[in-house]
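Undergrad: Can you read through this structure? Questions will come right after.
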Amino acid sequence: MQAERVVSLILLSLMTRIVQSKPGSQDPVLTLHPDWPQIYTGENITLRYCSASVKLTVSALPRATLTVEPKWRPLYTGETVTLKCGVDSLSNWKYVWYKGRPQTVVHNVTGDRYSITAAAESDQGQYWCEGRLEGRNVTSQRSDSITLTVKALPRATLTVEPKWRPLDPGETVTLKCGVDSLSNWTYVWYKDQIQAAVSQTVVHNVTGDRYSITAAAESDQGQYWCEGRLEGRNVTSQRSDSITLTVKDRLLLGLGAPPLLLASIILCVKWYRNRGSSNEAAVKFTEENVEINM
């Protein structure tokens, strides 16, 4: 507002001089130097006396606008993100980028885009930008800040229900994989056969967070892993720790013998055997005594 009042006073003074000029004199010309179509607050201009009118517009400094693509939060290490800075429709703005508190200039970036191609934890922080007009001492207002958060890739967690080992043939067991609270993870399951000692192979036709074995067999035993993959993003979690499944056929009591009952039977058999060994020793000792007495 103060700049506009100053300009108005200058124009009023010049117009007064034009009105007071002598008749028949050469028509005065009023010119503007430099003749930029848009003048910003803080700039220096010169008005030169003539009769032609000059329209002078003084505008406040524009504010830079900062946007980010893609918009998801948080970022994971290795992802790509692009910050874009803009001021207005003028094409001759250059840009300065700032990061952190206290704000420091991000060097070697002068365009309107700042891309981080492989995000690391050191890239996280607050970012700002501002525009500077080429050939003029004009700097835009600094943009609002955008905060980038970069996290290490999460590790998948693998659990199993029921927890007992080993499994009996025909039993049902469910493996569950989880990464974090985000709901758009898909899952990949891996298995390593213990007997064949082959490399890890993908368990096909399983993409959910649960993998159920409804009738366990010896071919199902081995080590299992899982990992999560974010839909629409090139992000794969760290692989989970492994869980080993063992499936054994229990001869005693047939299939599905309860573990506690099986343990009781084994203890009874051992006790019976020990008792039998004691009786045999006693009989043998009696026979030897009889032979000596005779």
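Please note that chains go A, B, ... in the order of the structure tokens, that every chain numbers its residues from 1, and that ligands are numbered from 1 in the order shown.
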If we count only C-alpha atoms, what is near A:Glu130 at a cut-off of 9 Å, once residues fewer than 6 positions away on the same chain are taken out, given as a list in words?

TA: Arg63, Ala64, Thr65, Leu66, Cys85, Gly86, Val87, Lys94, Tyr95, Val96, Trp97, Tyr98, Thr139, Ser140, Gln141, Arg142 and Ser143 of chain A

Undergrad: Using C-alpha atoms, can you write the selected residues to a file as a PDB file, in the first residue's frame?

TA:
```
ATOM      1  CA  ARG A  63       4.359 -17.103  -2.666  1.00  0.00           C
ATOM      2  CA  ALA A  64       5.991 -20.228  -4.040  1.00  0.00           C
ATOM      3  CA  THR A  65       3.867 -23.404  -3.984  1.00  0.00           C
ATOM      4  CA  LEU A  66       5.487 -26.733  -3.067  1.00  0.00           C
ATOM      5  CA  CYS A  85       8.055 -25.806  -6.858  1.00  0.00           C
ATOM      6  CA  GLY A  86       6.036 -23.186  -8.720  1.00  0.00           C
ATOM      7  CA  VAL A  87       5.409 -19.431  -8.415  1.00  0.00           C
ATOM      8  CA  LYS A  94      14.689 -19.974 -11.045  1.00  0.00           C
ATOM      9  CA  TYR A  95      14.329 -21.880  -7.810  1.00  0.00           C
ATOM     10  CA  VAL A  96      16.243 -22.285  -4.578  1.00  0.00           C
ATOM     11  CA  TRP A  97      15.639 -25.297  -2.363  1.00  0.00           C
ATOM     12  CA  TYR A  98      16.019 -25.457   1.418  1.00  0.00           C
ATOM     13  CA  THR A 139      12.616 -13.196  -4.720  1.00  0.00           C
ATOM     14  CA  SER A 140       9.236 -14.760  -4.060  1.00  0.00           C
ATOM     15  CA  GLN A 141       7.910 -15.523  -0.624  1.00  0.00           C
ATOM     16  CA  ARG A 142       9.118 -18.895   0.580  1.00  0.00           C
ATOM     17  CA  SER A 143       6.709 -21.835   0.206  1.00  0.00           C
TER      18      SER A 143
END
```

Undergrad: Give me, as a count of residues only, the residues of stretch 44-258 of chain A that a backbone DSSP run labels strand (DSSP E or B).

TA: 90

Undergrad: With a distance cut-off of 8 Å and only C-alpha atoms, select the neighbouring residues of A:Glu161, excluding the residue or stretch itself and same-chain residues fewer than 2 positions from it, and output the selection as a ChimeraX atom specification.

TA: /A:159,163,173-175

Undergrad: Quick one: write out the picked residues with all heavy atoms as a PDB file, in the first residue's frame?

TA:
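Result file is again38.pdb:
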```pdb
ATOM      1  N   THR A 159       3.762 -66.108  12.356  1.00  0.00           N
ATOM      2  CA  THR A 159       3.293 -66.863  13.529  1.00  0.00           C
ATOM      3  C   THR A 159       2.574 -68.118  13.051  1.00  0.00           C
ATOM      4  O   THR A 159       2.193 -68.233  11.876  1.00  0.00           O
ATOM      5  CB  THR A 159       2.355 -66.023  14.397  1.00  0.00           C
ATOM      6  OG1 THR A 159       1.251 -65.545  13.597  1.00  0.00           O
ATOM      7  CG2 THR A 159       3.087 -64.809  14.980  1.00  0.00           C
ATOM      8  N   LYS A 163       0.501 -74.074  18.186  1.00  0.00           N
ATOM      9  CA  LYS A 163       1.940 -73.933  18.334  1.00  0.00           C
ATOM     10  C   LYS A 163       2.677 -75.247  18.600  1.00  0.00           C
ATOM     11  O   LYS A 163       3.898 -75.268  18.619  1.00  0.00           O
ATOM     12  CB  LYS A 163       2.250 -72.950  19.476  1.00  0.00           C
ATOM     13  CG  LYS A 163       1.724 -71.534  19.219  1.00  0.00           C
ATOM     14  CD  LYS A 163       2.071 -70.617  20.371  1.00  0.00           C
ATOM     15  CE  LYS A 163       1.526 -69.214  20.165  1.00  0.00           C
ATOM     16  NZ  LYS A 163       2.111 -68.544  18.991  1.00  0.00           N
ATOM     17  N   VAL A 173      -2.961 -76.778  10.372  1.00  0.00           N
ATOM     18  CA  VAL A 173      -2.090 -75.745  10.928  1.00  0.00           C
ATOM     19  C   VAL A 173      -2.204 -74.506  10.038  1.00  0.00           C
ATOM     20  O   VAL A 173      -2.380 -74.622   8.821  1.00  0.00           O
ATOM     21  CB  VAL A 173      -0.625 -76.232  11.008  1.00  0.00           C
ATOM     22  CG1 VAL A 173      -0.063 -76.513   9.624  1.00  0.00           C
ATOM     23  CG2 VAL A 173       0.243 -75.216  11.739  1.00  0.00           C
ATOM     24  N   THR A 174      -2.157 -73.337  10.657  1.00  0.00           N
ATOM     25  CA  THR A 174      -2.280 -72.075   9.914  1.00  0.00           C
ATOM     26  C   THR A 174      -1.096 -71.174  10.220  1.00  0.00           C
ATOM     27  O   THR A 174      -0.793 -70.888  11.388  1.00  0.00           O
ATOM     28  CB  THR A 174      -3.580 -71.340  10.287  1.00  0.00           C
ATOM     29  OG1 THR A 174      -4.704 -72.163   9.944  1.00  0.00           O
ATOM     30  CG2 THR A 174      -3.683 -70.014   9.543  1.00  0.00           C
ATOM     31  N   LEU A 175      -0.411 -70.731   9.172  1.00  0.00           N
ATOM     32  CA  LEU A 175       0.663 -69.745   9.280  1.00  0.00           C
ATOM     33  C   LEU A 175       0.080 -68.369   8.966  1.00  0.00           C
ATOM     34  O   LEU A 175      -0.703 -68.226   8.017  1.00  0.00           O
ATOM     35  CB  LEU A 175       1.786 -70.077   8.303  1.00  0.00           C
ATOM     36  CG  LEU A 175       2.447 -71.450   8.471  1.00  0.00           C
ATOM     37  CD1 LEU A 175       3.414 -71.710   7.323  1.00  0.00           C
ATOM     38  CD2 LEU A 175       3.165 -71.542   9.790  1.00  0.00           C
TER      39      LEU A 175
END
```

Undergrad: With only C-alpha atoms as the atoms that count, which of A:Thr149, A:Ser181, A:Thr117, A:Gln126 lies nearest to A:Trp72?

TA: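 Among the listed residues, the smallest separation from A:Trp72 belongs to A:Thr149.
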
Undergrad: Would you kindly return, as an NGL selection string, each protein, DNA or RNA residue with an atom no farther than 8 Å from any atom of A:Val138, considering only C-alpha atoms and excluding same-chain residues fewer than 6 positions away?

TA: :A and (40 or 42-43 or 132)

Undergrad: Restricting it to C-alpha atoms, dump the selection as a JSON list (two decimals), in the first residue's frame.

TA:
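Produced file again_29.json, reproduced below:
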```json
[["chain", "number", "residue", "atom", "x", "y", "z"],
["A", 40, "TYR", "CA", 6.77, -6.20, -7.41],
["A", 42, "GLY", "CA", 10.77, -3.58, -3.34],
["A", 43, "GLU", "CA", 11.78, -3.05, -7.00],
["A", 132, "ARG", "CA", 13.96, -15.84, -8.09]]
```

Undergrad: Between A:Val206, A:Ala156, A:Ile213, A:Ala120, which has the minimum distance to A:Arg229 (counting only C-alpha atoms)?

TA: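 Of A:Val206, A:Ala156, A:Ile213, A:Ala120, the one nearest A:Arg229, counting only C-alpha atoms, is A:Ala156.
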
Undergrad: Go ahead and compute the interatomic distance for atom CA of A:Val160 and atom CA of A:Thr172, in Å to one decimal.

TA: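 Atom CA of A:Thr172 lies 10.8 Å from atom CA of A:Val160.
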
Undergrad: Using atom CA of A:Val247 and atom CA of A:Lys176 as the two end points, give the distance in Å to one decimal.

TA: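 Taking atom CA of A:Val247 as the start and atom CA of A:Lys176 as the end point, the length is 18.6 Å.
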
Undergrad: With distances taken over only C-alpha atoms, which of A:Gly78, A:Pro162, A:Pro154, A:Gly135 is nearest to A:Ser122?

TA: A:Gly78

Undergrad: Point out the residue among A:Thr57, A:Gln124, A:Ser89, A:Thr41 with the least atom-to-atom distance to A:Asn137, counting only C-alpha atoms.

TA: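 Of all the options, A:Thr41 lies closest to A:Asn137.
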
Undergrad: Which residue is closest to A:Ile243? Choose from A:Leu230, A:Asp209, A:Trp36, A:Leu158 and count only C-alpha atoms.

TA: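 Selected residue with least distance to A:Ile243: A:Leu158.
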